[in-house]
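Take a look at the structure below.
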Amino acid sequence: MSSALTDLCRYPIVQAPMAGGPSCPQLVAAVAEAGGLGFLAAGYKTADGMYQEIKQVRGLTGQPFGVNLFMPQQNLTDPGALEVYRHQLAGESSWYETPLGDTDACGDDGYEAKLAILLEDPVPVVSFTFGCPSRDTLDAFAAAGTYTVVTVTSPEEAQAAQWAGADAVCAQGTEAGGHRSTFRDDPETDGGGTGLLCLVTQVRETVQIPVIAAGGLMRGAQIAGVLAAGADAAQLGTAFLVCPESGAHLLHKQALTNPLFVRTTLTRAFSGRPARGLVNRFVREHGPYAPAAYPQVHHMTSVLRKAAARAGDAQGMALWAGQGHRMARELPAGRLVRLLAEELDAARTAVSTRSTQ
C-alpha cells in the first residue's frame with residue numbers, strides 16, 4: 001500500500017460503502033477494529049442521519065473509517081418514459097397493496113448539508129460516487145485533513161479525479177455489485193463495462209495517485225491478484241453482506257448463496273441507474289422496460305421493495321450482489337478481515353516460492 005493508505009488501515013482491505021442499510025456502524029467498526037478500512041454509506045440518508053451514524057462509529061472504535069457521499073445528479077429524465085414505467089409497475093403496486101413512491105423527491109441527496117457536516121467535524125476518509133467533486137471541495141477536505149477517494153469506472157474518469165485533486169481513486173470493475181459508479185449515466189453502456197484486472201492496469205498507467213480495486217472480490221488470492229496488477233488496496237462489498245454485523249435484510253443475505261439465484265445482471269429496474277444484482281422475478285419482468293431515470297425510479301420503487309421485504313418476498317427486492325456472490329462466507333466481520341489477510345499472505349508466499357524455484 002502507499003504510505004497514505006497504510007496510515008489508515010493495517011491491511012489493504014476496504015469494506016465497500018453499501019447504501020440502503022448494509023454498511024451500518026456495527027459493520028464499519030468491526031472492520032476497522034480488525035485492521036481494515038470500514039465505510040459508512042451516506043446515500044439515501046439525511047445529513048443528520050449520517051451524522052448520527054458517524055457518532056455511533058466513533059463510540060464503537062477509535063480506528064480510522066470513511067463516509068461515502070452520492071454526487072448530485074442532473075435531471076435529464078424523460079417524463080414520458082417515467083410515466084410509462086409507472087404504468088408498467090401498476091401490477092406490483094396492486095400486488096403489494098402500496099402506492100408507488102413520489103418521483104419528485106430531490107435528486108441531490110442532501111449533498112451540500114452533508115459536506116458542511118463533514119467539513120465542520122471531519123472524518124478520516126470521504127469518498128464520492130456518481131461523479132467527481134469540484135477542486136474547491138476536494139481542497140477544502142484536504143485542508144481539513146480528510147483523505148478523499150473518487151470512485152471511477154474508466155481511465156478517463158480516474159484522470160479527471162486526479163486533476164480535481166482527489167487523493168486516490170477507487171476503480172470499479174463491471175463485476176461489482178450495486179450501482180455502476182459512472183460519472184455520466186449513458187444508456188449505451190448498459191451492456192457492462194471493463195473487467196477489474198484490465199481496469200486496474202489501465203488506471204494505474206493513467207494516474208499517479210493510489211488506486212483501490214473494487215469488483216467481485218471475495219478471497220485473499222483475488223486481492224493478491226489486483227495488488228499485483230497495480231492496485232494499492234482492494235474494496236469488498238458482497239463479501240461483507242452476509243456478516244452478522246451487516247445491516248442487510250436477512251432475505252438478502254440468504255439469497256446470496258441460495259441456489260435459486262444463479263446469476264447476476266446489470267439492471268435499471270429498481271433505481272433507473274445500472275446496478276448489478278441477483279436476477280429475480282422483478283428484474284426479469286421490469287428490467288427491459290426501466291428508463292434511465294435516477295433517482296426518480298429509485299424513489300418510485302422504494303415502497304415496493306420495502307413491501308416485498310415485509311412480505312418475505314425476495315423476488316420483489318433489490319438483491320444487489322457482485323459476480324462472486326456464491327463465495328460469500330457467513331463470518332463475523334473481524335474474522336473475515338483477518339481470514340482475507342491470511343489468504344493474501346498465503347497467496348503472496350506461494351507466488352514468491354514459485355518464482356524462486
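Ordering of the C-alpha cells sets the chain letters (A, B, ...), residue numbers begin anew at 1 in every chain, and ligands are numbered from 1 in the order given.
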| Per-residue DSSP, segment 94-197 of chain A, filtered to alpha helix (DSSP H), as a count of residues only | 34
Excluding Asp121 of chain A and residues on its chain fewer than 4 positions from it, collect all residues at most 9 Å away from it, counting only C-alpha atoms, and give them as an mmCIF file with N, CA, C and O atoms, in the first residue's frame.
```cif
data_model
loop_
_atom_site.group_PDB
_atom_site.id
_atom_site.type_symbol
_atom_site.label_atom_id
_atom_site.label_comp_id
_atom_site.auth_asym_id
_atom_site.auth_seq_id
_atom_site.Cartn_x
_atom_site.Cartn_y
_atom_site.Cartn_z
ATOM 1 N N ALA A 116 -21.155 20.111 4.567
ATOM 2 C CA ALA A 116 -20.963 21.060 5.665
ATOM 3 C C ALA A 116 -20.637 20.333 6.964
ATOM 4 O O ALA A 116 -19.730 20.745 7.714
ATOM 5 N N ILE A 117 -21.340 19.249 7.236
ATOM 6 C CA ILE A 117 -21.082 18.489 8.465
ATOM 7 C C ILE A 117 -19.696 17.858 8.436
ATOM 8 O O ILE A 117 -18.937 17.921 9.416
ATOM 9 N N ALA A 144 -8.918 20.207 5.761
ATOM 10 C CA ALA A 144 -9.493 19.663 6.997
ATOM 11 C C ALA A 144 -8.771 18.401 7.454
ATOM 12 O O ALA A 144 -9.087 17.854 8.518
#
```
| Got a sec: who's within 12 Å of Gln88 of chain A, counting only C-alpha atoms, leaving out chain neighbours fewer than 2 positions off, as a list in words? |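 Everything that qualifies: Ala81, Leu82, Glu83, Val84, Tyr85, Arg86, Ala90, Gly91, Glu92, Ser93, Ser94, Leu100, Ala269, Phe282, Glu285, His286, Gly287, Pro288, Tyr289, Ala290, Pro291, Val297, Met300 and Thr301 of chain A.
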| field | Minimum-distance residue to Val283 of chain A, chosen among A:Gln296, A:Ser352, A:Thr151, A:Gln315 (using only C-alpha atoms) | value |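 Result for the nearest residue to Val283 of chain A: A:Gln315.
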| query | What lies within 8 Å of segment 46-52 of chain A using only C-alpha atoms, ignoring chain neighbours under 4 positions off, as a ChimeraX atom specification? | reply | /A:42,56,109-110,113-114,117
| query | What does the distance between atom CA of Leu69 of chain A and atom CA of Leu40 of chain A come to in Å, to one decimal place? | reply |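 Interatomic distance, atom CA of Leu69 of chain A to atom CA of Leu40 of chain A: 9.2 Å.
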Between segment 14-89 of chain A and segment 318-330 of chain A, at 12 Å or less, what are the per-residue closest atom pairs and their distances in Å? Count only C-alpha atoms, order by chain and rising residue number, and return it as a tab-separated table.
```
residue	atom	partner	partner_atom	distance
A:Ala16	CA	A:Gly322	CA	11.7
A:Met18	CA	A:Trp320	CA	9.3
A:Ala19	CA	A:Trp320	CA	10.3
A:Gly20	CA	A:Ala318	CA	10.2
A:Gly21	CA	A:Trp320	CA	11.9
A:Pro22	CA	A:Trp320	CA	10.6
```
Which residues, written as a short mmCIF file (atom, residue, chain, number, x, y, z; two decimals) with C-alpha atoms, in the first residue's frame, have at least one atom at most 12 Å from Pro122 of chain A, with only C-alpha atoms counted and residues fewer than 4 positions away on the same chain left out?
```
data_model
loop_
_atom_site.label_atom_id
_atom_site.label_comp_id
_atom_site.auth_asym_id
_atom_site.auth_seq_id
_atom_site.Cartn_x
_atom_site.Cartn_y
_atom_site.Cartn_z
CA TYR A 51 -24.05 12.40 11.47
CA ILE A 54 -20.76 8.81 12.47
CA LYS A 55 -21.20 9.36 16.20
CA ARG A 58 -16.84 6.87 16.98
CA PRO A 64 -9.98 5.37 11.04
CA PHE A 65 -13.11 4.94 8.93
CA GLY A 66 -14.71 6.58 5.93
CA VAL A 67 -18.00 8.07 4.76
CA LYS A 114 -23.54 16.54 4.30
CA LEU A 115 -20.47 18.39 3.02
CA ALA A 116 -20.96 21.06 5.67
CA ILE A 117 -21.08 18.49 8.46
CA LEU A 118 -18.05 16.57 7.21
CA VAL A 126 -14.55 10.69 2.44
CA ALA A 140 -11.45 22.03 1.49
CA PHE A 141 -11.28 18.40 2.60
CA ALA A 142 -7.51 18.42 2.21
CA ALA A 143 -7.33 21.49 4.45
CA ALA A 144 -9.49 19.66 7.00
CA GLY A 145 -7.09 16.69 6.99
CA THR A 146 -9.55 14.35 5.26
CA TYR A 147 -8.30 11.79 2.72
CA THR A 148 -10.52 11.80 -0.41
#
```
Show me, as a PDB file with all heavy atoms, in the first residue's frame, the residues that have an atom within 9 Å of Asp313 of chain A when counting only C-alpha atoms, minus same-chain residues fewer than 5 positions from it.
```
ATOM      1  N   LEU A 251     -33.292 -11.777   4.160  1.00  0.00           N
ATOM      2  CA  LEU A 251     -33.595 -12.407   2.871  1.00  0.00           C
ATOM      3  C   LEU A 251     -32.500 -12.122   1.844  1.00  0.00           C
ATOM      4  O   LEU A 251     -32.185 -12.978   1.009  1.00  0.00           O
ATOM      5  CB  LEU A 251     -34.942 -11.906   2.344  1.00  0.00           C
ATOM      6  CG  LEU A 251     -36.189 -12.371   3.095  1.00  0.00           C
ATOM      7  CD1 LEU A 251     -37.418 -11.681   2.530  1.00  0.00           C
ATOM      8  CD2 LEU A 251     -36.336 -13.884   3.010  1.00  0.00           C
ATOM      9  N   ALA A 307     -42.149  -3.176   0.845  1.00  0.00           N
ATOM     10  CA  ALA A 307     -43.324  -4.032   0.990  1.00  0.00           C
ATOM     11  C   ALA A 307     -42.963  -5.494   0.718  1.00  0.00           C
ATOM     12  O   ALA A 307     -43.433  -6.408   1.409  1.00  0.00           O
ATOM     13  CB  ALA A 307     -44.432  -3.580   0.044  1.00  0.00           C
ATOM     14  N   ALA A 308     -42.119  -5.724  -0.292  1.00  0.00           N
ATOM     15  CA  ALA A 308     -41.678  -7.088  -0.589  1.00  0.00           C
ATOM     16  C   ALA A 308     -40.892  -7.673   0.578  1.00  0.00           C
ATOM     17  O   ALA A 308     -41.071  -8.846   0.942  1.00  0.00           O
ATOM     18  CB  ALA A 308     -40.823  -7.096  -1.856  1.00  0.00           C
TER      19      ALA A 308
END
```
| field | Pairwise distance for atom CA of Pro259 of chain A and atom CA of Asn280 of chain A, rounded to one decimal in Å | value |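 The value is 12.1 Å.
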| request: Tell me, in Å to one decimal, how far atom CA of Gly195 of chain A is from atom CA of Gly173 of chain A. | output: 4.9 Å
| message | For Ala292 of chain A, find every residue with an atom within 9 Å (counting only C-alpha atoms), except residues of its own chain fewer than 3 positions away, and show them as a list in words. | response |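 Residues meeting the cut-off are Leu76, Thr77, Asp78, Ala81, Leu82, Asp185, Asp186, Pro187, Arg268, Ser271, Gly272, Arg273, Pro274 and Val297 of chain A.
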Grab the residues selected above and save them as a tab-separated table (two decimals), in the first residue's frame with N, CA and C atoms.
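Just written: part-v5.tsv:
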```tsv
chain	number	residue	atom	x	y	z
A	76	LEU	N	-32.15	14.68	-16.15
A	76	LEU	CA	-32.27	14.56	-17.60
A	76	LEU	C	-33.34	13.56	-17.98
A	77	THR	N	-34.23	13.29	-17.03
A	77	THR	CA	-35.24	12.25	-17.21
A	77	THR	C	-36.31	12.66	-18.21
A	78	ASP	N	-36.71	11.71	-19.04
A	78	ASP	CA	-37.83	11.89	-19.95
A	78	ASP	C	-39.11	11.61	-19.16
A	81	ALA	N	-41.21	8.69	-20.44
A	81	ALA	CA	-40.68	7.35	-20.15
A	81	ALA	C	-40.94	6.96	-18.70
A	82	LEU	N	-40.84	7.95	-17.81
A	82	LEU	CA	-41.08	7.69	-16.39
A	82	LEU	C	-42.55	7.31	-16.16
A	185	ASP	N	-24.42	8.86	-16.71
A	185	ASP	CA	-25.27	7.69	-16.95
A	185	ASP	C	-25.63	7.63	-18.42
A	186	ASP	N	-24.94	6.77	-19.15
A	186	ASP	CA	-25.13	6.65	-20.59
A	186	ASP	C	-25.80	5.31	-20.90
A	187	PRO	N	-27.06	5.31	-21.36
A	187	PRO	CA	-27.74	4.05	-21.67
A	187	PRO	C	-27.01	3.19	-22.68
A	268	ARG	N	-31.66	-1.61	-14.53
A	268	ARG	CA	-32.19	-0.32	-14.10
A	268	ARG	C	-33.53	-0.48	-13.37
A	271	SER	N	-33.84	1.30	-9.74
A	271	SER	CA	-33.39	2.67	-9.46
A	271	SER	C	-33.32	3.59	-10.66
A	272	GLY	N	-33.35	3.04	-11.86
A	272	GLY	CA	-33.18	3.87	-13.04
A	272	GLY	C	-31.75	4.08	-13.44
A	273	ARG	N	-30.83	3.50	-12.67
A	273	ARG	CA	-29.39	3.55	-12.97
A	273	ARG	C	-28.89	2.11	-13.00
A	274	PRO	N	-27.92	1.78	-13.87
A	274	PRO	CA	-27.44	0.39	-13.92
A	274	PRO	C	-26.84	-0.04	-12.59
A	297	VAL	N	-36.65	6.65	-10.41
A	297	VAL	CA	-37.12	5.27	-10.34
A	297	VAL	C	-36.82	4.68	-8.96
```
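Taking only C-alpha atoms into account, Thr201 of chain A lies nearest to A:Gly230 out of the set A:Gly35, A:Pro72, A:Gly230, A:Gly220.
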